[in-house]
file run_21.txt (compact mmCIF, C-alpha atoms)
# COMPACT_ATOMS: atom_id res chain seq x y z
CA MET A 18 -5.93 -11.66 -2.84
CA SER A 19 -2.93 -10.76 -0.72
CA ARG A 20 -2.85 -7.27 0.72
CA ARG A 21 0.79 -7.09 -0.31
CA GLU A 22 0.11 -8.06 -3.91
CA HIS A 23 1.44 -4.74 -5.21
CA PHE A 24 5.18 -4.21 -4.79
CA ASP A 25 6.23 -1.97 -1.94
CA PRO A 26 9.97 -1.61 -1.30
CA GLN A 27 9.48 -1.29 2.44
CA TYR A 28 8.49 -4.98 2.56
CA GLU A 29 11.70 -6.17 0.90
CA PRO A 30 13.51 -8.63 3.22
CA ALA A 31 16.81 -6.71 2.97
CA ILE A 32 15.14 -3.44 3.94
CA ALA A 33 13.20 -5.11 6.75
CA ALA A 34 16.43 -6.59 8.12
CA GLU A 35 18.20 -3.22 7.90
CA VAL A 36 15.32 -1.48 9.70
CA ASP A 37 15.58 -3.99 12.55
CA GLN A 38 19.35 -3.53 12.73
CA LEU A 39 19.05 0.26 12.86
CA LEU A 40 16.41 0.13 15.60
CA ALA A 41 18.69 -2.15 17.64
CA ARG A 42 21.29 0.62 17.80
CA ARG A 43 21.43 3.53 20.19
CA THR A 44 19.40 6.49 18.97
CA ARG A 45 22.43 8.70 18.41
CA ASP A 46 24.06 6.00 16.24
CA ILE A 47 21.18 5.76 13.75
CA ARG A 48 22.33 6.54 10.20
CA LEU A 49 20.02 6.08 7.24
CA LYS A 50 21.44 5.33 3.83
CA GLY A 51 20.57 3.83 0.48
CA GLU A 52 16.97 2.83 -0.15
CA ILE A 53 15.83 3.58 3.42
CA MET A 54 17.17 7.13 3.14
CA ARG A 55 15.34 7.50 -0.18
CA LEU A 56 12.11 6.29 1.43
CA PHE A 57 12.62 8.67 4.36
CA ARG A 58 13.19 11.66 2.11
CA ALA A 59 10.15 10.77 0.05
CA ARG A 60 8.13 10.48 3.26
CA ILE A 61 9.11 13.90 4.64
CA TRP A 62 9.51 15.82 1.39
CA SER A 63 6.02 17.28 1.29
CA GLN A 64 6.18 18.58 4.88
CA THR A 65 9.75 19.89 4.47
CA ALA A 66 8.85 21.65 1.22
CA LYS A 67 5.81 23.31 2.81
CA ILE A 68 7.94 24.60 5.71
CA ILE A 69 10.64 25.94 3.40
CA ARG A 70 8.12 27.63 1.11
CA ALA A 71 6.29 29.19 4.07
CA TRP A 72 9.60 30.40 5.59
CA MET A 73 10.68 31.98 2.31
CA ILE A 74 7.35 33.75 1.85
CA TRP A 75 7.42 35.17 5.39
CA VAL A 76 11.03 36.33 5.00
CA ALA A 77 10.09 38.12 1.77
CA LEU A 78 7.05 39.75 3.39
CA LEU A 79 9.02 40.83 6.47
CA ASP A 80 11.74 42.24 4.24
CA VAL A 81 9.23 44.35 2.33
CA LEU A 82 7.49 45.43 5.54
CA THR A 83 10.73 46.33 7.31
CA LEU A 84 11.99 48.30 4.31
CA THR A 85 8.70 50.18 4.13
CA VAL A 86 8.87 51.10 7.82
CA ASN A 87 12.52 52.19 7.46
CA ILE A 88 11.63 54.43 4.54
CA LEU A 89 8.89 56.04 6.63
CA ILE A 90 10.82 56.60 9.87
CA LEU A 91 14.51 56.83 8.93
CA PRO A 92 16.29 59.69 7.28
CA SER A 93 15.99 59.46 3.50
CA ALA A 94 19.73 59.13 2.93
CA ILE A 95 19.92 56.02 5.14
CA ALA A 96 16.64 54.48 3.94
CA TYR A 97 17.52 54.81 0.27
CA ARG A 98 20.84 53.06 0.80
CA MET A 99 18.89 50.06 2.18
CA ILE A 100 16.60 49.66 -0.84
CA LEU A 101 18.97 48.01 -3.31
CA PRO A 102 20.36 45.24 -1.04
CA ALA A 103 16.93 44.64 0.51
CA ALA A 104 15.46 44.17 -2.98
CA ILE A 105 17.47 40.96 -3.37
CA ILE A 106 15.34 38.95 -0.94
CA PRO A 107 11.83 38.86 -2.54
CA PRO A 108 12.86 37.48 -5.98
CA VAL A 109 15.33 35.03 -4.42
CA ALA A 110 12.72 33.77 -1.94
CA MET A 111 10.09 33.40 -4.68
CA ALA A 112 12.56 31.48 -6.86
CA VAL A 113 13.16 29.00 -4.03
CA VAL A 114 9.39 28.70 -3.48
CA LEU A 115 8.87 27.82 -7.15
CA LEU A 116 11.71 25.28 -7.17
CA TRP A 117 10.31 23.58 -4.06
CA ARG A 118 6.78 23.19 -5.37
CA LYS A 119 7.56 19.78 -6.87
CA PRO A 120 10.16 17.14 -6.01
CA GLN A 121 13.49 17.67 -7.74
CA ALA A 122 16.77 15.81 -7.82
CA PRO A 123 18.54 16.10 -4.42
CA SER A 124 21.37 18.09 -6.04
CA VAL A 125 18.90 20.63 -7.44
CA GLN A 126 17.11 20.93 -4.10
CA ALA A 127 20.40 21.39 -2.23
CA ALA A 128 21.73 23.95 -4.70
CA SER A 129 18.51 25.99 -4.72
CA LEU A 130 18.16 26.07 -0.93
CA ILE A 131 21.82 26.77 -0.15
CA ALA A 132 22.13 29.44 -2.86
CA GLY A 133 18.83 31.00 -1.79
CA MET A 134 19.91 31.09 1.86
CA PHE A 135 23.30 32.59 0.93
CA LEU A 136 21.72 35.43 -1.05
CA ILE A 137 19.13 36.11 1.67
CA LEU A 138 21.79 36.21 4.40
CA LEU A 139 24.03 38.36 2.20
CA SER A 140 21.14 40.73 1.55
CA VAL A 141 20.41 41.15 5.28
CA ALA A 142 24.07 41.84 5.98
CA LEU A 143 24.42 44.30 3.08
CA VAL A 144 21.39 46.27 4.28
CA GLY A 145 23.21 46.96 7.55
CA VAL A 146 26.56 47.59 5.86
CA SER A 147 24.97 50.03 3.40
CA ALA A 148 23.15 51.90 6.18
CA GLY A 149 26.24 51.98 8.37
CA GLY A 150 26.41 53.11 11.98
CA GLU A 151 24.29 51.23 14.47
CA PHE A 152 22.58 49.31 11.61
CA TYR A 153 25.85 47.57 10.71
CA GLU A 154 26.09 45.46 13.85
CA ARG A 155 22.33 45.13 14.21
CA HIS A 156 21.80 43.60 10.76
CA LEU A 157 24.68 41.18 11.19
CA ASN A 158 22.93 39.90 14.29
CA ILE A 159 19.64 39.78 12.37
CA MET A 160 21.42 37.76 9.68
CA LEU A 161 22.48 35.16 12.27
CA PHE A 162 18.94 35.06 13.66
CA VAL A 163 17.58 34.42 10.14
CA ALA A 164 20.13 31.62 9.67
CA ILE A 165 19.28 30.04 13.02
CA THR A 166 15.53 29.99 12.30
CA GLY A 167 16.19 28.33 8.94
CA ILE A 168 18.56 25.77 10.45
CA ILE A 169 16.19 24.75 13.25
CA ILE A 170 13.05 24.35 11.13
CA PHE A 171 14.41 23.03 7.82
CA GLY A 172 14.24 19.22 7.89
CA VAL A 173 17.07 18.83 5.37
CA PRO A 174 20.20 16.62 5.38
CA LEU A 175 22.86 17.52 7.94
CA ALA A 176 25.35 18.47 5.21
CA TRP A 177 22.94 21.13 3.92
CA THR A 178 22.36 22.42 7.44
CA ALA A 179 26.09 22.58 8.17
CA THR A 180 26.68 24.45 4.89
CA ILE A 181 24.07 27.08 5.78
CA ALA A 182 25.59 27.45 9.26
CA ALA A 183 29.10 27.82 7.82
CA MET A 184 27.89 30.41 5.31
CA ALA A 185 26.24 32.46 8.04
CA LEU A 186 29.35 32.44 10.25
CA GLY A 187 31.60 33.15 7.28
CA LEU A 188 29.55 36.16 6.25
CA TYR A 189 29.39 37.37 9.85
CA LEU A 190 33.16 37.13 10.29
CA ALA A 191 33.90 38.71 6.90
CA PHE A 192 31.72 41.72 7.57
CA GLN A 193 32.83 42.08 11.19
CA LEU A 194 36.44 42.21 10.05
CA ARG A 195 35.41 45.16 7.87
CA ASN A 196 33.43 46.80 10.66
CA PRO A 197 35.12 50.12 11.43
CA ALA A 198 33.50 50.25 14.87
CA ILE A 199 35.35 47.22 16.32
CA ASP A 200 38.88 45.85 16.27
CA LEU A 201 40.12 42.43 15.08
CA GLY A 202 39.97 40.80 18.49
CA SER A 203 36.39 41.91 19.05
CA ALA A 204 35.38 40.64 15.60
CA VAL A 205 36.88 37.21 16.23
CA ALA A 206 35.46 37.04 19.76
CA ALA A 207 31.98 37.94 18.55
CA THR A 208 32.22 35.35 15.77
CA LEU A 209 33.28 32.64 18.22
CA PHE A 210 30.45 33.59 20.56
CA PHE A 211 27.86 33.32 17.84
CA ALA A 212 29.53 30.18 16.49
CA SER A 213 28.74 28.38 19.73
CA GLY A 214 25.08 29.26 19.32
CA ILE A 215 25.08 28.21 15.66
CA PHE A 216 26.79 24.90 16.46
CA ALA A 217 24.28 24.24 19.25
CA THR A 218 21.46 24.90 16.79
CA VAL A 219 22.97 22.52 14.24
CA ALA A 220 23.34 19.86 16.96
CA ALA A 221 19.71 20.36 17.97
CA ARG A 222 18.65 20.06 14.33
CA ARG A 223 20.66 16.83 14.05
CA ILE A 224 18.91 15.37 17.11
CA ILE A 225 15.52 16.36 15.70
CA THR A 226 16.41 14.68 12.41
CA ILE A 227 17.62 11.49 14.10
CA LEU A 228 14.44 11.31 16.16
CA ALA A 229 12.37 11.83 13.01
CA GLN A 230 14.33 9.05 11.30
CA LYS A 231 13.83 6.73 14.25
CA THR A 232 10.10 7.45 14.20
CA PHE A 233 10.12 6.66 10.50
CA LEU A 234 11.91 3.36 11.17
CA PHE A 235 9.30 2.45 13.78
CA GLU A 236 6.62 3.32 11.24
CA LEU A 237 8.24 1.09 8.61
CA ARG A 238 8.52 -1.77 11.07
CA ASP A 239 4.97 -1.39 12.34
CA ARG A 240 3.53 -1.15 8.84
CA ARG A 241 5.47 -4.24 7.83
CA ARG A 242 4.21 -6.15 10.86
CA VAL A 243 0.63 -5.06 10.23
CA ALA A 244 0.97 -6.14 6.60
CA GLU A 245 2.47 -9.48 7.63
CA LEU A 246 -0.34 -10.00 10.14
CA ALA A 247 -2.94 -9.08 7.52
CA GLU A 248 -1.31 -11.46 5.06
CA ALA A 249 -1.27 -14.23 7.67
CA ASN A 250 -4.95 -13.59 8.41
CA ASP A 251 -5.70 -13.66 4.68
CA ARG A 252 -3.80 -16.93 4.40
CA LEU A 253 -5.68 -18.42 7.35
CA ALA A 254 -8.99 -17.25 5.92
CA PHE A 255 -8.05 -18.78 2.59
CA LEU A 256 -7.07 -22.07 4.21
CA ALA A 257 -10.26 -22.08 6.27
CA SER A 258 -12.37 -21.65 3.14
CA THR A 259 -10.43 -23.90 0.74
CA ASP A 260 -10.45 -27.63 0.24
CA PRO A 261 -6.80 -28.62 0.71
CA LEU A 262 -6.94 -31.48 -1.82
CA THR A 263 -8.64 -29.92 -4.84
CA GLY A 264 -7.81 -26.27 -4.17
CA ILE A 265 -11.41 -25.15 -4.71
CA ALA A 266 -13.74 -23.74 -2.06
CA ASN A 267 -14.99 -25.98 0.73
CA ARG A 268 -18.45 -26.50 2.15
CA ARG A 269 -18.05 -23.87 4.85
CA TRP A 270 -17.17 -21.18 2.33
CA MET A 271 -20.03 -22.11 0.04
CA THR A 272 -22.54 -22.10 2.92
CA GLU A 273 -21.38 -18.64 4.02
CA THR A 274 -21.48 -17.39 0.43
CA LEU A 275 -25.00 -18.68 -0.14
CA ASN A 276 -26.22 -17.02 3.05
CA ARG A 277 -24.60 -13.76 1.96
CA ILE A 278 -26.11 -13.90 -1.53
CA TRP A 279 -29.60 -14.72 -0.29
CA GLY A 280 -29.32 -12.45 2.75
CA ALA A 281 -32.37 -12.07 4.98
CA ASP A 282 -34.61 -12.63 1.96
CA THR A 283 -35.50 -16.10 0.69
CA ARG A 284 -34.89 -15.04 -2.89
CA CYS A 285 -31.77 -14.78 -4.96
CA LEU A 286 -32.31 -11.70 -7.06
CA GLY A 287 -31.94 -12.61 -10.72
CA GLY A 288 -32.46 -16.29 -9.97
CA ALA A 289 -29.92 -19.07 -9.62
CA ALA A 290 -29.37 -22.74 -10.22
CA MET A 291 -27.65 -25.32 -8.06
CA LEU A 292 -25.94 -28.41 -9.38
CA MET A 293 -25.16 -31.28 -7.03
CA CYS A 294 -22.47 -33.41 -8.69
CA ASP A 295 -21.51 -36.84 -7.38
CA ILE A 296 -18.82 -39.21 -8.70
CA ASP A 297 -20.46 -42.55 -9.44
CA TYR A 298 -19.24 -45.50 -7.32
CA PHE A 299 -16.42 -43.48 -5.86
CA LYS A 300 -16.00 -45.84 -2.88
CA LYS A 301 -15.40 -48.73 -5.28
CA LEU A 302 -12.74 -46.66 -7.08
CA ASN A 303 -10.90 -46.27 -3.77
CA ASP A 304 -11.34 -49.99 -3.05
CA HIS A 305 -9.95 -51.06 -6.42
CA LEU A 306 -7.24 -48.48 -7.08
CA GLY A 307 -6.45 -47.05 -3.65
CA HIS A 308 -7.01 -43.69 -2.00
CA ALA A 309 -4.12 -42.04 -3.86
CA GLN A 310 -5.84 -42.66 -7.17
CA GLY A 311 -9.13 -41.56 -5.61
CA ASP A 312 -7.51 -38.26 -4.62
CA ARG A 313 -6.18 -37.78 -8.14
CA CYS A 314 -9.67 -38.43 -9.47
CA LEU A 315 -11.17 -35.77 -7.19
CA VAL A 316 -8.57 -33.23 -8.28
CA GLU A 317 -9.20 -33.94 -11.95
CA VAL A 318 -13.00 -33.78 -11.60
CA ALA A 319 -12.75 -30.48 -9.70
CA LYS A 320 -10.63 -29.06 -12.52
CA ILE A 321 -13.09 -30.23 -15.17
CA ILE A 322 -15.98 -28.60 -13.32
CA GLN A 323 -14.06 -25.33 -13.04
CA ASP A 324 -13.19 -25.43 -16.74
CA ASN A 325 -16.87 -25.70 -17.68
CA ILE A 326 -18.36 -22.85 -15.65
CA ARG A 327 -18.14 -19.07 -15.93
CA ARG A 328 -15.15 -18.07 -13.82
CA ASP A 329 -16.37 -14.51 -13.36
CA CYS A 330 -19.65 -15.37 -11.61
CA ASP A 331 -20.25 -19.12 -11.13
CA LEU A 332 -19.12 -20.80 -7.91
CA VAL A 333 -18.01 -24.33 -7.14
CA ALA A 334 -17.14 -26.06 -3.88
CA ARG A 335 -16.28 -29.55 -2.73
CA TYR A 336 -19.31 -30.28 -0.59
CA GLY A 337 -18.59 -33.76 0.67
CA GLY A 338 -16.28 -36.69 0.05
CA GLU A 339 -17.04 -37.04 -3.66
CA GLU A 340 -19.76 -34.38 -3.99
CA PHE A 341 -19.41 -30.95 -5.59
CA LEU A 342 -21.90 -28.10 -5.39
CA VAL A 343 -22.06 -25.61 -8.26
CA LEU A 344 -23.95 -22.30 -8.06
CA LEU A 345 -24.96 -20.67 -11.35
CA PRO A 346 -26.44 -17.20 -10.79
CA GLY A 347 -28.93 -15.80 -13.30
CA VAL A 348 -29.57 -18.90 -15.42
CA ASN A 349 -32.77 -20.71 -16.43
CA GLU A 350 -33.44 -24.44 -16.51
CA ASP A 351 -32.17 -24.97 -20.04
CA GLU A 352 -28.93 -23.12 -19.35
CA ALA A 353 -28.37 -24.93 -16.05
CA TYR A 354 -29.03 -28.30 -17.71
CA SER A 355 -26.61 -27.42 -20.52
CA VAL A 356 -23.86 -26.60 -18.02
CA GLY A 357 -24.53 -29.87 -16.20
CA GLU A 358 -24.30 -31.84 -19.44
CA ARG A 359 -21.07 -30.07 -20.37
CA ILE A 360 -19.55 -31.02 -17.02
CA ARG A 361 -20.78 -34.61 -17.24
CA LYS A 362 -19.43 -35.06 -20.76
CA GLY A 363 -16.14 -33.45 -19.76
CA VAL A 364 -15.66 -35.95 -16.93
CA GLU A 365 -16.59 -38.85 -19.19
CA ALA A 366 -14.25 -37.62 -21.94
CA ALA A 367 -11.35 -37.42 -19.46
CA ALA A 368 -11.37 -41.24 -19.46
CA ILE A 369 -10.25 -41.62 -15.86
CA ARG A 370 -9.96 -45.35 -15.21
CA HIS A 371 -12.62 -46.87 -12.91
CA PRO A 372 -12.60 -50.68 -12.84
CA GLY A 373 -15.14 -50.83 -10.01
CA SER A 374 -17.96 -48.92 -11.71
CA SER A 375 -21.12 -50.67 -12.85
CA VAL A 376 -21.82 -47.82 -15.26
CA SER A 377 -18.62 -47.54 -17.28
CA ARG A 378 -14.96 -48.47 -17.17
CA ARG A 379 -14.30 -44.76 -16.83
CA VAL A 380 -15.22 -42.28 -14.10
CA THR A 381 -18.71 -40.82 -14.59
CA LEU A 382 -20.73 -38.13 -12.86
CA SER A 383 -24.35 -37.90 -11.79
CA ILE A 384 -25.78 -34.38 -11.48
CA GLY A 385 -28.97 -33.06 -9.93
CA VAL A 386 -30.14 -29.60 -10.97
CA ALA A 387 -32.53 -27.25 -9.17
CA VAL A 388 -33.44 -23.77 -10.39
CA GLN A 389 -34.94 -20.77 -8.59
CA THR A 390 -36.35 -17.88 -10.59
CA GLY A 391 -35.89 -14.32 -9.38
CA ASP A 392 -39.42 -14.04 -8.00
CA GLU A 393 -39.52 -17.39 -6.19
CA ALA A 394 -39.09 -17.44 -2.42
CA ILE A 395 -36.82 -20.43 -1.95
CA SER A 396 -34.08 -20.54 0.66
CA PRO A 397 -30.63 -21.79 -0.37
CA GLU A 398 -31.08 -24.79 1.93
CA LYS A 399 -34.32 -25.72 0.20
CA LEU A 400 -32.82 -25.21 -3.26
CA GLN A 401 -29.90 -27.41 -2.28
CA GLY A 402 -32.35 -30.03 -1.01
CA MET A 403 -34.14 -29.97 -4.36
CA ALA A 404 -30.80 -30.45 -6.19
CA ASP A 405 -30.00 -33.33 -3.80
CA GLU A 406 -33.33 -34.95 -4.57
CA ALA A 407 -32.69 -34.59 -8.31
CA LEU A 408 -29.25 -36.14 -7.82
CA TYR A 409 -30.76 -39.06 -5.90
CA ARG A 410 -33.24 -39.72 -8.68
CA ALA A 411 -30.46 -39.46 -11.30
CA LYS A 412 -28.59 -42.18 -9.45
CA GLN A 413 -31.71 -44.30 -9.18
CA ALA A 414 -32.22 -43.90 -12.91
CA GLY A 415 -28.84 -45.41 -13.70
CA ARG A 416 -26.22 -42.72 -12.94
CA ASN A 417 -24.02 -40.85 -15.44
CA ARG A 418 -26.77 -38.37 -16.21
CA VAL A 419 -28.08 -34.86 -15.50
CA LEU A 420 -31.57 -34.57 -14.06
CA LEU A 421 -33.63 -31.46 -13.38
CA TYR A 422 -35.67 -31.32 -10.18
CA GLY A 423 -39.24 -32.37 -10.94
CA GLN A 424 -38.27 -33.91 -14.27
CA GLU A 425 -38.88 -37.55 -15.05
CA PRO A 426 -35.68 -39.48 -15.88
CA ALA A 427 -35.27 -40.10 -19.58
CA GLU A 428 -33.67 -43.17 -21.05
CA HIS A 429 -29.93 -42.62 -21.05
CA LYS A 430 -27.25 -44.75 -22.55
CA SER A 431 -23.83 -44.34 -21.05
CA VAL A 432 -20.57 -44.95 -22.86
CA GLY A 433 -19.06 -48.20 -21.61

call {"tool": "encode", "arguments": {"input": "run_21.txt", "output": "structure tokens"}}
result
Amino acid sequence: MSRREHFDPQYEPAIAAEVDQLLARRTRDIRLKGEIMRLFRARIWSQTAKIIRAWMIWVALLDVLTLTVNILILPSAIAYRMILPAAIIPPVAMAVVLLWRKPQAPSVQAASLIAGMFLILLSVALVGVSAGGEFYERHLNIMLFVAITGIIIFGVPLAWTATIAAMALGLYLAFQLRNPAIDLGSAVAATLFFASGIFATVAARRIITILAQKTFLFELRDRRRVAELAEANDRLAFLASTDPLTGIANRRWMTETLNRIWGADTRCLGGAAMLMCDIDYFKKLNDHLGHAQGDRCLVEVAKIIQDNIRRDCDLVARYGGEEFLVLLPGVNEDEAYSVGERIRKGVEAAAIRHPGSSVSRRVTLSIGVAVQTGDEAISPEKLQGMADEALYRAKQAGRNRVLLYGQEPAEHKSVG
């Protein structure tokens, strides 16, 4: 069975070609889109969601802790003015945490994160504005710091990052313009100063994202190559164990399988039977009708044998030129003989023309059967030898018959 039997979009030829094209570009020119972008987002979603949830929880905890400390050490009039705006953060943060517990549509994820960040930044700014004095400027700076930490650690699309950055600068400028402690020029200058830091952070986040995308592309390519190599190895193993003409197993595979089933012991637990099947006068068929017809005969006989055994447990292999070995696990002599007769009759009923046979004008099969019970210590080689001996005696007795090892040949009349 191929290791790529189940569909995986990363192995699609179009995606594989696009991955190679993207990796051929300069790192800064890498742009993911379409199905590859969807795969990338699916790949990083869990980690991104964990980071966002953890960040939101810590922001909520720090907000509560900071407010508690302010209430304890600041004058009551100032501390009480901080309570209402500070109370915005915990429920907003918890709402984002809940929305990011499971994958959502990209639009829902973007809306929840951007709205959550806006309310958190607004809350931090309003705490300073409400307290006034030295807290005004301090909390605006804290707001930018909160925005920067979110921008640098959130592995979200660049558009989301840029929106958060723009919101932070917009809030900063809006509140600085209302700051009674500074004039217009100072407000604009401070905003431009912090804008450079915000833009640098966004650029750094973009580089981090591109590097993560490039790593993902390498991962896709490597996984595809490993899968292709595994598939090639599977194909080689299949070819090495399959008879190219009939499509059934070959002698090598059957020998390895028998050794694996018997193991170090000389018993096959549960017992087993071996059937050695040989096409009667096969050389004469080739001489009279040619090797092409001989090949067609082998293919047809192999199919008949397969159709008359249990596909879930019985095994068949082409063991020689016109010989087939059948392994029937867990059967007794009567059952093994019955299977042999069914195969023999199936070949005879197929009415494959054979003008060179001395037995019939149709292709016939001689079968030798050997059986090992579960408690007998018989190696697979010995059991095969017993089946060979039974086959030899079946041929001596006139061919087109099934003979058990140790059984005397009975009179058998073939259909001519």

call {"tool": "residues_around", "arguments": {"input": "run_21.txt", "residues": "range 94-102 of chain A", "least_positions_apart": "6", "cutoff": "12 Å", "atoms": "only C-alpha atoms", "output": "VMD selection string"}}
result
chain A and resid 80 to 88 108 to 109 136 to 153 156

call {"tool": "atom_distance", "arguments": {"input": "run_21.txt", "atom1": "CA of Ile61 in chain A", "atom2": "CA of Ile159 in chain A"}}
result
29.0 Å

call {"tool": "residues_around", "arguments": {"input": "run_21.txt", "residues": "Ile215 in chain A", "least_positions_apart": "2", "cutoff": "12 Å", "atoms": "only C-alpha atoms", "output": "ChimeraX atom specification"}}
result
/A:158,160-169,178-187,189,208-213,217-222

call {"tool": "write_last_selection", "arguments": {"input": "run_21.txt", "atoms": "C-alpha atoms", "output": "PDB file, in the coordinates of the input"}}
result
ATOM      1  CA  ASN A 158      22.930  39.900  14.290  1.00  0.00           C
ATOM      2  CA  MET A 160      21.420  37.760   9.680  1.00  0.00           C
ATOM      3  CA  LEU A 161      22.480  35.160  12.270  1.00  0.00           C
ATOM      4  CA  PHE A 162      18.940  35.060  13.660  1.00  0.00           C
ATOM      5  CA  VAL A 163      17.580  34.420  10.140  1.00  0.00           C
ATOM      6  CA  ALA A 164      20.130  31.620   9.670  1.00  0.00           C
ATOM      7  CA  ILE A 165      19.280  30.040  13.020  1.00  0.00           C
ATOM      8  CA  THR A 166      15.530  29.990  12.300  1.00  0.00           C
ATOM      9  CA  GLY A 167      16.190  28.330   8.940  1.00  0.00           C
ATOM     10  CA  ILE A 168      18.560  25.770  10.450  1.00  0.00           C
ATOM     11  CA  ILE A 169      16.190  24.750  13.250  1.00  0.00           C
ATOM     12  CA  THR A 178      22.360  22.420   7.440  1.00  0.00           C
ATOM     13  CA  ALA A 179      26.090  22.580   8.170  1.00  0.00           C
ATOM     14  CA  THR A 180      26.680  24.450   4.890  1.00  0.00           C
ATOM     15  CA  ILE A 181      24.070  27.080   5.780  1.00  0.00           C
ATOM     16  CA  ALA A 182      25.590  27.450   9.260  1.00  0.00           C
ATOM     17  CA  ALA A 183      29.100  27.820   7.820  1.00  0.00           C
ATOM     18  CA  MET A 184      27.890  30.410   5.310  1.00  0.00           C
ATOM     19  CA  ALA A 185      26.240  32.460   8.040  1.00  0.00           C
ATOM     20  CA  LEU A 186      29.350  32.440  10.250  1.00  0.00           C
ATOM     21  CA  GLY A 187      31.600  33.150   7.280  1.00  0.00           C
ATOM     22  CA  TYR A 189      29.390  37.370   9.850  1.00  0.00           C
ATOM     23  CA  THR A 208      32.220  35.350  15.770  1.00  0.00           C
ATOM     24  CA  LEU A 209      33.280  32.640  18.220  1.00  0.00           C
ATOM     25  CA  PHE A 210      30.450  33.590  20.560  1.00  0.00           C
ATOM     26  CA  PHE A 211      27.860  33.320  17.840  1.00  0.00           C
ATOM     27  CA  ALA A 212      29.530  30.180  16.490  1.00  0.00           C
ATOM     28  CA  SER A 213      28.740  28.380  19.730  1.00  0.00           C
ATOM     29  CA  ALA A 217      24.280  24.240  19.250  1.00  0.00           C
ATOM     30  CA  THR A 218      21.460  24.900  16.790  1.00  0.00           C
ATOM     31  CA  VAL A 219      22.970  22.520  14.240  1.00  0.00           C
ATOM     32  CA  ALA A 220      23.340  19.860  16.960  1.00  0.00           C
ATOM     33  CA  ALA A 221      19.710  20.360  17.970  1.00  0.00           C
ATOM     34  CA  ARG A 222      18.650  20.060  14.330  1.00  0.00           C
TER      35      ARG A 222
END

call {"tool": "residues_around", "arguments": {"input": "run_21.txt", "residues": "range 265-279 of chain A", "least_positions_apart": "2", "cutoff": "12 Å", "atoms": "all atoms listed in the file", "output": "mmCIF file with C-alpha atoms, in the frame of the given file"}}
result
data_model
loop_
_atom_site.group_PDB
_atom_site.id
_atom_site.type_symbol
_atom_site.label_atom_id
_atom_site.label_comp_id
_atom_site.auth_asym_id
_atom_site.auth_seq_id
_atom_site.Cartn_x
_atom_site.Cartn_y
_atom_site.Cartn_z
ATOM 1 C CA ALA A 254 -8.990 -17.250 5.920
ATOM 2 C CA PHE A 255 -8.050 -18.780 2.590
ATOM 3 C CA LEU A 256 -7.070 -22.070 4.210
ATOM 4 C CA ALA A 257 -10.260 -22.080 6.270
ATOM 5 C CA SER A 258 -12.370 -21.650 3.140
ATOM 6 C CA THR A 259 -10.430 -23.900 0.740
ATOM 7 C CA ASP A 260 -10.450 -27.630 0.240
ATOM 8 C CA PRO A 261 -6.800 -28.620 0.710
ATOM 9 C CA LEU A 262 -6.940 -31.480 -1.820
ATOM 10 C CA THR A 263 -8.640 -29.920 -4.840
ATOM 11 C CA ALA A 281 -32.370 -12.070 4.980
ATOM 12 C CA ASP A 282 -34.610 -12.630 1.960
ATOM 13 C CA THR A 283 -35.500 -16.100 0.690
ATOM 14 C CA ARG A 284 -34.890 -15.040 -2.890
ATOM 15 C CA CYS A 285 -31.770 -14.780 -4.960
ATOM 16 C CA LEU A 286 -32.310 -11.700 -7.060
ATOM 17 C CA GLY A 287 -31.940 -12.610 -10.720
ATOM 18 C CA GLY A 288 -32.460 -16.290 -9.970
ATOM 19 C CA ALA A 289 -29.920 -19.070 -9.620
ATOM 20 C CA ALA A 290 -29.370 -22.740 -10.220
ATOM 21 C CA MET A 291 -27.650 -25.320 -8.060
ATOM 22 C CA LEU A 315 -11.170 -35.770 -7.190
ATOM 23 C CA VAL A 316 -8.570 -33.230 -8.280
ATOM 24 C CA GLU A 317 -9.200 -33.940 -11.950
ATOM 25 C CA VAL A 318 -13.000 -33.780 -11.600
ATOM 26 C CA ALA A 319 -12.750 -30.480 -9.700
ATOM 27 C CA LYS A 320 -10.630 -29.060 -12.520
ATOM 28 C CA ILE A 321 -13.090 -30.230 -15.170
ATOM 29 C CA ILE A 322 -15.980 -28.600 -13.320
ATOM 30 C CA GLN A 323 -14.060 -25.330 -13.040
ATOM 31 C CA ASP A 331 -20.250 -19.120 -11.130
ATOM 32 C CA LEU A 332 -19.120 -20.800 -7.910
ATOM 33 C CA VAL A 333 -18.010 -24.330 -7.140
ATOM 34 C CA ALA A 334 -17.140 -26.060 -3.880
ATOM 35 C CA ARG A 335 -16.280 -29.550 -2.730
ATOM 36 C CA TYR A 336 -19.310 -30.280 -0.590
ATOM 37 C CA GLY A 337 -18.590 -33.760 0.670
ATOM 38 C CA GLY A 338 -16.280 -36.690 0.050
ATOM 39 C CA GLU A 340 -19.760 -34.380 -3.990
ATOM 40 C CA PHE A 341 -19.410 -30.950 -5.590
ATOM 41 C CA LEU A 342 -21.900 -28.100 -5.390
ATOM 42 C CA VAL A 343 -22.060 -25.610 -8.260
ATOM 43 C CA LEU A 344 -23.950 -22.300 -8.060
ATOM 44 C CA LEU A 345 -24.960 -20.670 -11.350
ATOM 45 C CA PRO A 346 -26.440 -17.200 -10.790
ATOM 46 C CA GLN A 389 -34.940 -20.770 -8.590
ATOM 47 C CA GLY A 391 -35.890 -14.320 -9.380
ATOM 48 C CA GLU A 393 -39.520 -17.390 -6.190
ATOM 49 C CA ALA A 394 -39.090 -17.440 -2.420
ATOM 50 C CA ILE A 395 -36.820 -20.430 -1.950
ATOM 51 C CA SER A 396 -34.080 -20.540 0.660
ATOM 52 C CA PRO A 397 -30.630 -21.790 -0.370
ATOM 53 C CA GLU A 398 -31.080 -24.790 1.930
ATOM 54 C CA LYS A 399 -34.320 -25.720 0.200
ATOM 55 C CA LEU A 400 -32.820 -25.210 -3.260
ATOM 56 C CA GLN A 401 -29.900 -27.410 -2.280
#
